[in-house]
Every structure is written in C-alpha cells, then in structure tokens.
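**Student:** Input file: model_28.tsv. Contents: TSV, C-alpha atoms.
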chain	number	residue	atom	x	y	z
D	1	MET	CA	-25.60	18.41	0.84
D	2	LYS	CA	-24.86	17.00	-2.61
D	3	ASN	CA	-22.16	19.65	-2.94
D	4	CYS	CA	-20.35	18.18	0.07
D	5	LEU	CA	-17.91	15.26	-0.09
D	6	GLY	CA	-17.73	12.96	2.94
D	7	ILE	CA	-14.42	11.68	4.31
D	8	ILE	CA	-14.36	9.27	7.26
D	9	ASN	CA	-10.92	8.82	8.77
D	10	LEU	CA	-10.35	5.62	10.75
D	11	SER	CA	-6.93	6.51	12.18
D	12	GLU	CA	-8.17	6.26	15.75
D	13	VAL	CA	-6.34	4.91	18.80
D	14	ASP	CA	-7.19	1.22	19.34
D	15	SER	CA	-4.97	0.35	22.32
D	16	PRO	CA	-7.47	1.27	25.12
D	17	PHE	CA	-9.74	-1.61	24.05
D	18	GLY	CA	-7.29	-4.45	24.62
D	19	LEU	CA	-8.48	-7.79	23.20
D	20	LEU	CA	-11.50	-6.17	21.52
D	21	SER	CA	-9.30	-4.24	19.08
D	22	GLN	CA	-6.71	-6.94	18.47
D	23	ASN	CA	-8.09	-7.68	15.00
D	24	ARG	CA	-10.35	-4.68	14.39
D	25	PRO	CA	-10.10	-0.86	14.58
D	26	THR	CA	-12.22	1.24	16.94
D	27	SER	CA	-14.63	1.99	14.10
D	28	MET	CA	-15.47	-1.71	13.77
D	29	LEU	CA	-16.27	-2.35	17.44
D	30	PRO	CA	-19.67	-4.10	17.64
D	31	PHE	CA	-22.33	-1.95	19.25
D	32	ALA	CA	-25.91	-2.39	20.51
D	33	GLY	CA	-26.54	-5.92	19.36
D	34	ARG	CA	-26.14	-5.53	15.60
D	35	TYR	CA	-24.27	-2.33	14.69
D	36	ARG	CA	-20.67	-1.19	14.34
D	37	VAL	CA	-19.35	2.15	15.57
D	38	ILE	CA	-18.80	3.41	12.01
D	39	ASP	CA	-22.49	2.92	11.16
D	40	PHE	CA	-23.46	6.12	12.98
D	41	MET	CA	-21.23	8.57	11.11
D	42	LEU	CA	-21.83	6.80	7.81
D	43	SER	CA	-25.62	6.91	8.31
D	44	ASN	CA	-25.48	10.57	9.41
D	45	MET	CA	-23.80	11.48	6.14
D	46	VAL	CA	-26.19	9.45	4.00
D	47	ASN	CA	-29.28	10.72	5.83
D	48	SER	CA	-28.10	14.28	5.20
D	49	GLY	CA	-27.79	13.75	1.46
D	50	ILE	CA	-24.05	13.12	1.05
D	51	ASN	CA	-23.77	10.56	-1.76
D	52	THR	CA	-19.98	10.37	-2.18
D	53	ILE	CA	-18.02	9.12	0.82
D	54	GLY	CA	-14.38	8.12	1.09
D	55	VAL	CA	-13.27	5.92	3.98
D	56	PHE	CA	-9.56	5.98	4.84
D	57	THR	CA	-9.28	2.59	6.49
D	58	GLY	CA	-6.09	2.59	8.52
D	59	ASN	CA	-4.05	-0.61	8.88
D	60	LYS	CA	-6.70	-3.06	10.11
D	61	VAL	CA	-8.37	-3.43	6.75
D	62	ARG	CA	-10.06	-6.84	6.71
D	63	SER	CA	-12.92	-6.13	9.12
D	64	VAL	CA	-13.59	-2.76	7.46
D	65	MET	CA	-13.84	-4.34	4.00
D	66	ASP	CA	-16.02	-7.16	5.31
D	67	HIS	CA	-18.51	-4.83	7.00
D	68	LEU	CA	-18.73	-2.03	4.45
D	69	GLY	CA	-18.43	-4.08	1.27
D	70	SER	CA	-19.97	-2.21	-1.67
D	71	GLY	CA	-21.88	0.14	0.64
D	72	SER	CA	-25.26	-1.39	-0.19
D	73	PRO	CA	-26.87	-1.05	3.29
D	74	TRP	CA	-26.28	2.72	3.08
D	75	ASP	CA	-27.43	3.00	-0.57
D	76	LEU	CA	-23.86	3.77	-1.63
D	77	ASP	CA	-23.41	0.95	-4.19
D	78	ARG	CA	-23.68	3.31	-7.15
D	79	LYS	CA	-22.24	3.49	-10.64
D	80	ILE	CA	-21.56	7.20	-10.11
D	81	ASN	CA	-20.39	8.46	-6.72
D	82	GLY	CA	-21.03	6.09	-3.77
D	83	LEU	CA	-18.56	4.52	-1.33
D	84	PHE	CA	-14.79	4.52	-1.85
D	85	LEU	CA	-12.35	2.65	0.42
D	86	PHE	CA	-8.72	3.77	0.62
D	87	THR	CA	-6.28	1.35	2.21
D	88	PRO	CA	-2.64	2.04	3.15
D	89	THR	CA	0.03	1.45	0.54
D	90	TYR	CA	3.55	0.35	1.37
D	91	ASP	CA	6.92	1.10	-0.16
D	92	TYR	CA	8.77	-2.21	-0.14
D	93	THR	CA	12.03	-0.53	-1.19
D	94	THR	CA	12.51	0.97	2.26
D	95	ILE	CA	12.50	-0.49	5.76
D	96	ASN	CA	11.21	2.76	7.27
D	97	SER	CA	7.49	2.84	7.98
D	98	LYS	CA	5.72	6.21	8.02
D	99	VAL	CA	3.80	7.24	11.10
D	100	GLY	CA	0.32	8.71	10.74
D	101	ASP	CA	-2.29	9.06	8.02
D	102	ILE	CA	-1.24	12.26	6.25
D	103	ASP	CA	0.67	10.31	3.58
D	104	LEU	CA	-2.44	8.23	2.82
D	105	PHE	CA	-4.44	11.41	2.23
D	106	PHE	CA	-1.70	12.73	-0.04
D	107	GLN	CA	-1.50	9.49	-2.05
D	108	ASN	CA	-5.24	9.65	-2.69
D	109	LYS	CA	-5.48	13.38	-3.39
D	110	SER	CA	-6.92	12.66	-6.85
D	111	PHE	CA	-10.10	11.30	-5.21
D	112	VAL	CA	-10.81	14.70	-3.67
D	113	LYS	CA	-9.51	16.66	-6.66
D	114	ASN	CA	-11.72	14.83	-9.16
D	115	ALA	CA	-14.83	14.94	-6.99
D	116	LYS	CA	-17.39	17.48	-8.20
D	117	GLN	CA	-18.23	18.63	-4.68
D	118	GLU	CA	-16.79	21.98	-3.61
D	119	ASN	CA	-16.86	21.32	0.12
D	120	ILE	CA	-15.75	18.48	2.39
D	121	LEU	CA	-16.94	17.01	5.67
D	122	MET	CA	-14.12	15.21	7.47
D	123	SER	CA	-14.95	13.11	10.52
D	124	LYS	CA	-13.76	10.38	12.84
D	125	THR	CA	-16.19	7.70	14.04
D	126	TYR	CA	-15.80	7.38	17.80
D	127	MET	CA	-18.20	10.23	18.64
D	128	LEU	CA	-21.59	8.48	18.42
D	129	ALA	CA	-24.49	10.80	17.67
D	130	ASN	CA	-27.53	11.06	15.44
D	131	ILE	CA	-27.00	14.54	14.01
D	132	ASP	CA	-28.70	16.64	11.36
D	133	LEU	CA	-25.66	17.54	9.27
D	134	ASN	CA	-27.81	19.64	6.93
D	135	ALA	CA	-28.26	22.28	9.62
D	136	ALA	CA	-24.53	22.34	10.36
D	137	TYR	CA	-23.68	22.53	6.65
D	138	GLU	CA	-26.14	25.36	5.96
D	139	ASP	CA	-24.62	27.30	8.85
D	140	PHE	CA	-21.14	26.72	7.39
D	141	ILE	CA	-22.17	27.96	3.93
D	142	ALA	CA	-24.08	30.97	5.24
D	143	SER	CA	-21.14	32.06	7.41
D	144	GLY	CA	-18.66	32.14	4.53
D	145	ALA	CA	-16.11	30.41	6.78
D	146	ASP	CA	-13.19	28.33	5.51
D	147	ILE	CA	-13.58	25.71	8.23
D	148	SER	CA	-16.49	24.93	10.55
D	149	ILE	CA	-16.13	22.70	13.61
D	150	VAL	CA	-19.07	20.85	15.19
D	151	TYR	CA	-19.02	20.83	18.99
D	152	LYS	CA	-21.19	20.13	22.02
D	153	LYS	CA	-21.38	21.80	25.42
D	154	VAL	CA	-20.90	18.99	27.94
D	155	ASN	CA	-21.06	18.56	31.68
D	156	ASP	CA	-18.49	15.90	32.53
D	157	PRO	CA	-18.11	15.33	36.31
D	158	MET	CA	-16.99	11.72	35.70
D	159	ASN	CA	-14.17	12.69	33.31
D	160	ARG	CA	-15.49	10.55	30.46
D	161	PHE	CA	-14.03	12.90	27.84
D	162	ILE	CA	-10.44	12.98	29.11
D	163	GLY	CA	-8.04	13.37	26.18
D	164	CYS	CA	-10.71	14.65	23.79
D	165	ASP	CA	-10.43	17.94	21.89
D	166	LYS	CA	-11.71	20.98	23.73
D	167	ILE	CA	-12.79	24.18	21.95
D	168	ASN	CA	-11.93	27.47	23.64
D	169	PHE	CA	-13.77	30.74	23.01
D	170	ASP	CA	-12.61	34.27	23.82
D	171	ALA	CA	-14.50	36.80	25.95
D	172	ARG	CA	-16.67	37.76	22.96
D	173	GLY	CA	-17.69	34.15	22.37
D	174	GLU	CA	-15.55	33.88	19.24
D	175	PHE	CA	-13.45	30.81	18.43
D	176	GLU	CA	-10.00	31.08	19.99
D	177	SER	CA	-8.26	27.68	19.96
D	178	ILE	CA	-8.51	23.91	20.31
D	179	GLY	CA	-6.77	22.17	23.19
D	180	THR	CA	-6.90	18.84	24.99
D	181	ASN	CA	-9.34	18.18	27.83
D	182	LEU	CA	-7.38	17.31	30.98
D	183	GLY	CA	-10.42	17.19	33.23
D	184	MET	CA	-9.71	20.56	34.87
D	185	GLU	CA	-13.19	21.89	34.04
D	186	GLU	CA	-16.47	20.07	34.56
D	187	ASN	CA	-18.22	22.10	31.86
D	188	PHE	CA	-16.51	22.64	28.53
D	189	ASN	CA	-16.99	22.65	24.75
D	190	LEU	CA	-16.29	19.20	23.31
D	191	SER	CA	-15.13	19.03	19.69
D	192	LEU	CA	-16.90	16.18	17.87
D	193	GLU	CA	-14.02	16.09	15.36
D	194	MET	CA	-16.38	16.87	12.48
D	195	TYR	CA	-14.89	19.53	10.20
D	196	PHE	CA	-16.56	21.21	7.23
D	197	VAL	CA	-13.81	22.49	4.93
D	198	LYS	CA	-13.67	24.25	1.58
D	199	LYS	CA	-11.89	22.05	-0.96
D	200	ALA	CA	-9.25	24.70	-1.70
D	201	VAL	CA	-8.50	25.02	2.01
D	202	TYR	CA	-8.25	21.23	2.33
D	203	PHE	CA	-5.52	21.10	-0.31
D	204	ASP	CA	-3.70	24.09	1.20
D	205	MET	CA	-3.58	22.30	4.56
D	206	LEU	CA	-2.54	18.97	3.01
D	207	PHE	CA	0.23	20.34	0.77
D	208	ASP	CA	1.54	22.71	3.42
D	209	SER	CA	1.83	19.84	5.92
D	210	ILE	CA	3.65	17.62	3.44
D	211	GLU	CA	6.08	20.34	2.40
D	212	LYS	CA	6.85	21.52	5.94
D	213	GLY	CA	6.74	18.04	7.48
D	214	ASN	CA	4.95	19.40	10.53
D	215	ALA	CA	2.03	16.95	10.66
D	216	ASN	CA	1.84	13.17	10.64
D	217	TYR	CA	-1.95	13.12	10.85
D	218	MET	CA	-4.65	14.97	8.91
D	219	LYS	CA	-6.17	16.14	12.18
D	220	GLN	CA	-2.83	17.65	13.12
D	221	ALA	CA	-2.73	19.45	9.76
D	222	VAL	CA	-6.15	20.94	10.47
D	223	LEU	CA	-5.15	22.12	13.95
D	224	ASN	CA	-1.90	23.63	12.63
D	225	SER	CA	-3.86	25.71	10.12
D	226	LEU	CA	-6.66	27.12	12.26
D	227	SER	CA	-4.98	30.49	12.79
D	228	LYS	CA	-4.75	31.07	9.01
D	229	TYR	CA	-8.44	30.75	8.17
D	230	LYS	CA	-11.87	32.03	9.04
D	231	ILE	CA	-13.26	29.55	11.57
D	232	ARG	CA	-16.90	28.89	12.37
D	233	THR	CA	-18.31	26.64	15.09
D	234	TYR	CA	-21.65	24.87	15.16
D	235	GLU	CA	-23.21	23.67	18.41
D	236	PHE	CA	-24.91	20.25	18.50
D	237	ASP	CA	-27.24	19.86	21.46
D	238	GLY	CA	-28.16	16.17	21.20
D	239	TYR	CA	-26.87	13.00	22.83
D	240	VAL	CA	-23.22	12.07	22.28
D	241	ALA	CA	-21.37	8.92	23.38
D	242	CYS	CA	-17.58	8.93	23.17
D	243	ILE	CA	-16.06	5.51	22.39
D	244	ASN	CA	-12.42	6.18	23.24
D	245	ASN	CA	-11.77	3.62	25.99
D	246	LEU	CA	-13.16	0.36	27.34
D	247	ARG	CA	-15.18	1.95	30.13
D	248	ASN	CA	-16.89	4.39	27.74
D	249	TYR	CA	-17.57	1.59	25.26
D	250	PHE	CA	-19.26	-0.50	27.94
D	251	ASP	CA	-21.27	2.43	29.31
D	252	ALA	CA	-22.39	3.55	25.84
D	253	ASN	CA	-23.79	0.09	25.16
D	254	MET	CA	-25.57	0.02	28.52
D	255	ALA	CA	-26.99	3.51	27.87
D	256	ILE	CA	-29.16	2.26	25.00
D	257	LEU	CA	-31.23	0.34	27.55
D	258	ASN	CA	-32.66	3.78	28.30
D	259	PRO	CA	-35.50	4.19	25.74
D	260	GLU	CA	-35.02	7.96	25.47
D	261	ILE	CA	-31.36	7.55	24.56
D	262	SER	CA	-31.92	4.65	22.16
D	263	ASN	CA	-34.76	6.44	20.35
D	264	GLU	CA	-32.66	9.56	19.86
D	265	LEU	CA	-29.49	7.72	18.89
D	266	PHE	CA	-31.10	5.40	16.35
D	267	PHE	CA	-33.97	7.45	14.91
D	268	LYS	CA	-34.05	11.19	15.73
D	269	HIS	CA	-32.55	12.58	12.51
D	270	GLY	CA	-32.86	9.43	10.42
D	271	GLN	CA	-32.38	5.70	10.82
D	272	ILE	CA	-28.98	4.20	11.56
D	273	PHE	CA	-28.18	1.57	8.91
D	274	THR	CA	-25.91	-1.46	9.18
D	275	LYS	CA	-24.93	-4.61	7.32
D	276	ALA	CA	-27.89	-6.97	7.18
D	277	LYS	CA	-27.55	-10.57	8.33
D	278	ASP	CA	-30.41	-12.99	7.86
D	279	GLU	CA	-31.25	-14.67	11.15
D	280	PRO	CA	-34.49	-16.22	12.44
D	281	SER	CA	-36.36	-14.71	15.37
D	282	THR	CA	-34.88	-15.34	18.81
D	283	HIS	CA	-36.23	-18.46	20.52
D	284	TYR	CA	-37.07	-17.89	24.18
D	285	GLN	CA	-37.23	-21.34	25.76
D	286	LYS	CA	-39.08	-22.60	28.84
D	287	ASN	CA	-36.71	-21.19	31.47
D	288	ALA	CA	-35.91	-17.89	29.74
D	289	ARG	CA	-36.37	-14.72	31.77
D	290	ILE	CA	-35.38	-11.37	30.25
D	291	LYS	CA	-35.28	-8.05	32.14
D	292	ASN	CA	-34.28	-4.64	30.74
D	293	SER	CA	-32.07	-6.06	27.99
D	294	PHE	CA	-31.48	-5.66	24.27
D	295	VAL	CA	-31.64	-9.03	22.51
D	296	ALA	CA	-30.90	-9.31	18.78
D	297	ASN	CA	-32.35	-11.95	16.46
D	298	GLY	CA	-31.17	-15.52	15.97
D	299	CYS	CA	-30.56	-16.28	19.67
D	300	GLN	CA	-31.44	-19.35	21.75
D	301	ILE	CA	-32.10	-18.33	25.37
D	302	ASP	CA	-33.05	-20.65	28.25
D	303	GLY	CA	-31.51	-18.67	31.14
D	304	TYR	CA	-31.88	-15.38	33.03
D	305	VAL	CA	-30.71	-12.15	31.32
D	306	GLU	CA	-30.78	-8.72	32.99
D	307	ASN	CA	-29.38	-5.30	31.97
D	308	SER	CA	-27.43	-6.81	29.11
D	309	ILE	CA	-26.76	-6.48	25.37
D	310	ILE	CA	-27.11	-9.78	23.51
D	311	PHE	CA	-25.92	-9.86	19.89
D	312	ARG	CA	-27.13	-12.06	17.04
D	313	GLY	CA	-26.98	-15.82	17.32
D	314	VAL	CA	-26.04	-16.04	21.01
D	315	ASN	CA	-26.86	-19.27	22.87
D	316	ILE	CA	-27.56	-19.01	26.62
D	317	ALA	CA	-28.29	-22.38	28.20
D	318	LYS	CA	-30.49	-23.43	31.12
D	319	GLY	CA	-29.44	-22.28	34.58
D	320	CYS	CA	-27.34	-19.34	33.33
D	321	ILE	CA	-27.47	-15.91	34.95
D	322	VAL	CA	-26.25	-13.04	32.75
D	323	ARG	CA	-26.25	-9.55	34.26
D	324	ASN	CA	-24.74	-6.23	33.13
D	325	SER	CA	-22.90	-7.88	30.27
D	326	ILE	CA	-22.28	-7.68	26.51
D	327	LEU	CA	-22.33	-10.98	24.60
D	328	MET	CA	-21.27	-10.62	20.99
D	329	GLN	CA	-22.30	-12.60	17.94
D	330	LYS	CA	-22.44	-16.42	18.12
D	331	THR	CA	-21.26	-16.58	21.74
D	332	HIS	CA	-22.18	-19.84	23.48
D	333	VAL	CA	-22.81	-19.89	27.24
D	334	ASP	CA	-23.21	-23.40	28.67
D	335	GLN	CA	-25.39	-24.46	31.60
D	336	ASN	CA	-25.12	-22.90	35.08
D	337	VAL	CA	-22.75	-20.11	34.04
D	338	HIS	CA	-22.84	-16.83	35.98
D	339	LEU	CA	-21.71	-13.64	34.19
D	340	ASN	CA	-21.69	-10.12	35.66
D	341	TYR	CA	-19.94	-7.11	34.10
D	342	VAL	CA	-18.49	-9.20	31.31
D	343	ILE	CA	-17.79	-8.54	27.62
D	344	LEU	CA	-17.45	-11.65	25.46
D	345	ASP	CA	-16.19	-11.18	21.91
D	346	LYS	CA	-17.55	-13.06	18.88
D	347	ARG	CA	-17.79	-16.87	19.00
D	348	THR	CA	-16.56	-17.15	22.58
D	349	THR	CA	-17.53	-20.31	24.46
D	350	VAL	CA	-18.02	-20.38	28.24
D	351	ASN	CA	-18.13	-23.93	29.55
D	352	GLN	CA	-20.50	-25.30	32.17
D	353	GLY	CA	-20.37	-23.96	35.72
D	354	VAL	CA	-17.99	-21.05	35.08
D	355	THR	CA	-18.42	-17.78	37.01
D	356	LEU	CA	-16.97	-14.57	35.55
D	357	ILE	CA	-17.28	-11.34	37.54
D	358	GLY	CA	-15.89	-8.03	36.34
D	359	ASP	CA	-16.24	-4.45	37.55
D	360	PRO	CA	-18.35	-1.58	36.14
D	361	SER	CA	-15.19	0.42	35.46
D	362	LEU	CA	-13.21	-2.58	34.16
D	363	PRO	CA	-15.37	-5.41	32.76
D	364	TYR	CA	-13.95	-8.88	32.28
D	365	ILE	CA	-13.03	-9.41	28.59
D	366	GLY	CA	-13.28	-12.72	26.77
D	367	GLY	CA	-11.32	-12.65	23.52
D	368	LYS	CA	-12.64	-13.65	20.11
D	369	LYS	CA	-13.18	-17.44	19.76
D	370	ALA	CA	-11.84	-18.03	23.28
D	371	VAL	CA	-12.93	-21.12	25.22
D	372	ILE	CA	-13.33	-20.34	28.92
D	373	SER	CA	-13.58	-23.22	31.40
D	374	LYS	CA	-12.98	-23.75	35.09
D	375	GLU	CA	-9.42	-24.74	34.20
D	376	GLY	CA	-8.86	-21.39	32.45
D	377	LYS	CA	-8.91	-19.95	28.94
D	378	SER	CA	-7.85	-21.87	25.89
Hey, can you dump this file as structure tokens for me?
**Tutor:**
Amino acid sequence: MKNCLGIINLSEVDSPFGLLSQNRPTSMLPFAGRYRVIDFMLSNMVNSGINTIGVFTGNKVRSVMDHLGSGSPWDLDRKINGLFLFTPTYDYTTINSKVGDIDLFFQNKSFVKNAKQENILMSKTYMLANIDLNAAYEDFIASGADISIVYKKVNDPMNRFIGCDKINFDARGEFESIGTNLGMEENFNLSLEMYFVKKAVYFDMLFDSIEKGNANYMKQAVLNSLSKYKIRTYEFDGYVACINNLRNYFDANMAILNPEISNELFFKHGQIFTKAKDEPSTHYQKNARIKNSFVANGCQIDGYVENSIIFRGVNIAKGCIVRNSILMQKTHVDQNVHLNYVILDKRTTVNQGVTLIGDPSLPYIGGKKAVISKEGKS
C-alpha cells in the first residue's frame, strides 16, 4: 500500500461524551488501560504498509500533538514521508468563523498534491477495528472503481449504531446510496467511514464543494459526489466497536475483558501501537483482590477490583471496592471507597469513604483532576 496516502480526519462529534471530551476530541479518548481511540486507525494504516499519513486535527489540538508527537511509536518519524499534522488556521481579519473541515482540507491541498501516492485512504477514528487494509485496497484497485467504501453487516437489536452511516444496495446487490441509521432495521450494512479514493477524484470532490458551497465537511463532499463516480464496496467481517456516545465508549472498554474480543482487536491483523510511557510493574499489596479486570502498569492496588479497566499509575487504597468501572491514569482512590459503574478521568481523587454508583447505560463521570469527597466535588 505504498501507493496509498493515509488521511485521518478528526472532525468528529465530541458532545455526547460530556466531561470526557471537554479538553480532548473523540479520537483522544483513553481506551483499554493505555491506548487512545486514534491508535487503532493509525496502527491499521501502518500495519498495512501506508508510510505517509496526514492527520487533520480539528480544534482541540493540544492533546493530539501531545499523544502523536513525531509519530515515533508508529514508525512514522521519518525524514521522507511519515506523519504530518494539520491544525486549523484562523483569519483574524474577520469575525466570522467557518463551520466544518472542508476549508482545512482546501488550505492543505498541497500536501495531497505533492504526495507521490496515486490513491488515498480517508478515515475517521471512532470505528474501532483491527482490519487488513491490504485486502480492501487490492479489491479497490482490481475493481477499477473511483471510490471504495468499507462496510460491515451488523445485527443491532440494541440500537448501538443509531446515527451512523448506512449503506443501501439495490435488488442486484449493487451499491445504491448512503443514508443514516434510524434504528428501523435490526440488520443493516454499517459504513465504517473508510473511503479509498483516486487522487484525481479527491480533488474533483474538494474543488467542486468549494466552488458550489454545498459541503462544510469532507464527508459531506464525498456523499454529494457518489452518484458521479464508479463506487465499490468492501465487506469487513471482523469485530467493530463504535465510539460515538458515552454508553458505547463504556461498553467498548468493558468488551475487551472478553479474551476473544481483545485478542482480535489488538493483534489479529497486526499489533496496535501507542505512545510509550515508562512505568514500573503494578504493585499488588496484601489486601489486593483482582477479578476479570484489565490493569495497566505502574499501579498501587490494595483493594478489591472486579470487571474494571484500570489505567497506568492508579492508586487504589485498602478497603476499596471497584466494580464495573474505568479509572484513568494517575487516579487516586482513598480508603473504603465504593465505586460501581463509574468513569474517573485522569488524576481524579476520590476521598475516603465516598460511594459513587452509576448505571450501565449512564455511568457516573468524574472530571479530569476533580476531587470528590462526601461534601461534593471540588
């Protein structure tokens, strides 16, 4: 896939995550003890041989820059090709702010134009999967299509994919259209928002959208153009987790406690890479009891942990009971605390004797660096 340029677009909706996305985009949500959501799509591209990747960051830039850096964990810190980060630019001569990401793509058109690759893979990050992109790319090239869309046939009785793109086929099984899933059908074809596009077609879509003013987002430009080009679809039959709301984020984390899911998601078509942080091994103290949980390194645990995701450097004191919860990096839980269906953001402190109980469909959220006591948050 060295003839394919990777573009990861971070213009995703952050509002469904409340406090968790106050200072970070969806792509930077911590996941599974040590990863970020973006790590999966970035690793998929690298594992498939894509060595030039542009990341269009969106407005919440700091956490993206901090995590991705030079791209070293993904072997993208290169003198030629590698990782490129494109942040929004602002026109200080006008008070009007532009909606959407299409202008950012247009401002950085020289990146795509000067790239030697003849084809492009555009993707969002919130569809978590470990996918062999080589197979999808070979199918795209062999078909002679202008655009190829990766999708998965899903059975969704719990409506976890509400609002996601839905691919419709005609009676012959040929691509017909893309709509929005409203939950009317339990079985449908879920678009993973991964698009293989010929470079010439990419520029046609971009320039046409700018000139006509009919798209604020690059995704919208793609959807507006589907009727003009030869479209191919590629079916992915592996595990997919959709991180588009708080409930799905919580459930996707809990799902990795299933060894079959975690093995597929992290290793099936290549390892998922992330930013390395040097921490010692976790210290399980005298009273520690761990059951069906994922515990990262650098922790100090002297309490009971069950069905939970514990990130790096978490401290759980004596007498604590932590069930069905996600505790992010450097969280400190004092003695005799009881947590159930709780998500605590980085560096949160829960003082002695506090009980926090959430719900499987709506976990209790502790904001970043919050101090939670019996008197309330501070």
**Student:** Tell me, in Å to one decimal, how far CA of Leu327 in chain D is from CA of Asn23 in chain D.
**Tutor:**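 CA of Asn23 in chain D lies 17.5 Å from CA of Leu327 in chain D.
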**Student:** For a test of reading the model, state the distance in Å between CA of Leu128 in chain D and CA of Leu42 in chain D, rounded to one decimal.
**Tutor:** 10.7 Å
**Student:** Work out how far CA of Pro363 in chain D is from CA of Val322 in chain D, in Å to one decimal.
**Tutor:**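 Answer for the CA of Val322 in chain D to CA of Pro363 in chain D separation: 13.3 Å.
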**Student:** Which is closest to Thr331 in chain D among D:Met41, D:Leu29, D:Ile372, D:Ile210, if we use all atoms listed in the file?
**Tutor:**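 Of the candidates, the smallest distance to Thr331 in chain D is held by D:Ile372.
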**Student:** Which polymer residues have any atom within 12 Å of an atom of Asn114 in chain D, counting all atoms listed in the file, with same-chain residues fewer than 6 positions away left out, as a list in words?
**Tutor:**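 Near Asn114 in chain D, the qualifying residues are Leu5, Thr52, Asn81, Asn108 and Lys199 of chain D.
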**Student:** Neighbouring residues of Ser72 in chain D were defined as those with any atom within 12 Å, considering all atoms listed in the file; residues of the same chain fewer than 2 positions away were excluded. Please report them as a PyMOL selection string.
**Tutor:** chain D and resi 42-43+46+67-70+74-79+82-83+273-276
**Student:** Within 9 Å of range 165-167 of chain D, counting all atoms listed in the file, which residues show up once you throw out same-chain ones fewer than 5 positions away? Write them as an MDAnalysis selection string, please.
**Tutor:** chainID D and resid 151 175:181 188:193
**Student:** Output C-alpha atoms for every residue in the selection just made, as an mmCIF file, in the frame of the given file.
**Tutor:**
data_model
loop_
_atom_site.group_PDB
_atom_site.id
_atom_site.type_symbol
_atom_site.label_atom_id
_atom_site.label_comp_id
_atom_site.auth_asym_id
_atom_site.auth_seq_id
_atom_site.Cartn_x
_atom_site.Cartn_y
_atom_site.Cartn_z
ATOM 1 C CA TYR D 151 -19.020 20.830 18.990
ATOM 2 C CA PHE D 175 -13.450 30.810 18.430
ATOM 3 C CA GLU D 176 -10.000 31.080 19.990
ATOM 4 C CA SER D 177 -8.260 27.680 19.960
ATOM 5 C CA ILE D 178 -8.510 23.910 20.310
ATOM 6 C CA GLY D 179 -6.770 22.170 23.190
ATOM 7 C CA THR D 180 -6.900 18.840 24.990
ATOM 8 C CA ASN D 181 -9.340 18.180 27.830
ATOM 9 C CA PHE D 188 -16.510 22.640 28.530
ATOM 10 C CA ASN D 189 -16.990 22.650 24.750
ATOM 11 C CA LEU D 190 -16.290 19.200 23.310
ATOM 12 C CA SER D 191 -15.130 19.030 19.690
ATOM 13 C CA LEU D 192 -16.900 16.180 17.870
ATOM 14 C CA GLU D 193 -14.020 16.090 15.360
#
**Student:** Tell me which residues come within 9 Å of (-14.1, -10.7, 23.4), as a PyMOL selection string, counting all atoms listed in the file in the file's coordinates.
**Tutor:** chain D and resi 19-20+327-328+343-348+365-370
**Student:** Would you please work out which residue, of D:Ala171, D:Val154, D:Phe266, D:Ile102, is nearest to Asp208 in chain D when using only C-alpha atoms?
**Tutor:**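 Closest to Asp208 in chain D, using only C-alpha atoms: D:Ile102.
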**Student:** Please determine the residues with any atom at most 12 Å from (-7.9, -1.9, 17.9) (coordinates as given in the file, with all atoms listed in the file counting) and report them as an NGL selection string.
**Tutor:** :D and (10-30 or 58-61 or 63-64 or 243-246)
**Student:** I need the residue nearest Leu206 in chain D from this list: D:Tyr284, D:Phe267, D:Phe105, D:Phe161. Use only C-alpha atoms for the distance.
**Tutor:**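 Counting only C-alpha atoms, the residue closest to Leu206 in chain D is D:Phe105.
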**Student:** Taking into account only C-alpha atoms, which residue in the set D:Val201, D:Ile256, D:Ile53, D:Ile38 is nearest to Lys228 in chain D?
**Tutor:** D:Val201
**Student:** Hey, what's within 7 Å of Ser373 in chain D if we count all atoms listed in the file and toss same-chain stuff fewer than 5 positions away? As a list in words, please?
**Tutor:**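 So the residues in contact are Val350, Asn351 and Val354 of chain D.
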**Student:** Output range 248-259 of chain D with N, CA and C atoms present, as a compact mmCIF listing (two decimals), in the coordinates of the input.
**Tutor:**
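Writing done, so here's result03.txt:
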# COMPACT_ATOMS: atom_id res chain seq x y z
N ASN D 248 -15.90 3.64 28.50
CA ASN D 248 -16.89 4.39 27.74
C ASN D 248 -17.63 3.50 26.74
N TYR D 249 -16.92 2.53 26.18
CA TYR D 249 -17.57 1.59 25.26
C TYR D 249 -18.65 0.79 25.98
N PHE D 250 -18.30 0.28 27.16
CA PHE D 250 -19.26 -0.50 27.94
C PHE D 250 -20.46 0.36 28.34
N ASP D 251 -20.19 1.56 28.85
CA ASP D 251 -21.27 2.43 29.31
C ASP D 251 -22.16 2.89 28.17
N ALA D 252 -21.59 3.12 26.99
CA ALA D 252 -22.39 3.55 25.84
C ALA D 252 -23.35 2.45 25.40
N ASN D 253 -22.90 1.20 25.46
CA ASN D 253 -23.79 0.09 25.16
C ASN D 253 -24.91 -0.01 26.19
N MET D 254 -24.56 0.11 27.46
CA MET D 254 -25.57 0.02 28.52
C MET D 254 -26.58 1.17 28.44
N ALA D 255 -26.12 2.33 27.93
CA ALA D 255 -26.99 3.51 27.87
C ALA D 255 -28.17 3.30 26.94
N ILE D 256 -28.04 2.44 25.94
CA ILE D 256 -29.16 2.26 25.00
C ILE D 256 -30.32 1.49 25.63
N LEU D 257 -30.11 0.95 26.83
CA LEU D 257 -31.23 0.34 27.55
C LEU D 257 -32.20 1.40 28.05
N ASN D 258 -31.78 2.65 28.00
CA ASN D 258 -32.66 3.78 28.30
C ASN D 258 -33.41 4.12 27.01
N PRO D 259 -34.75 3.97 26.98
CA PRO D 259 -35.50 4.19 25.74
C PRO D 259 -35.32 5.58 25.14
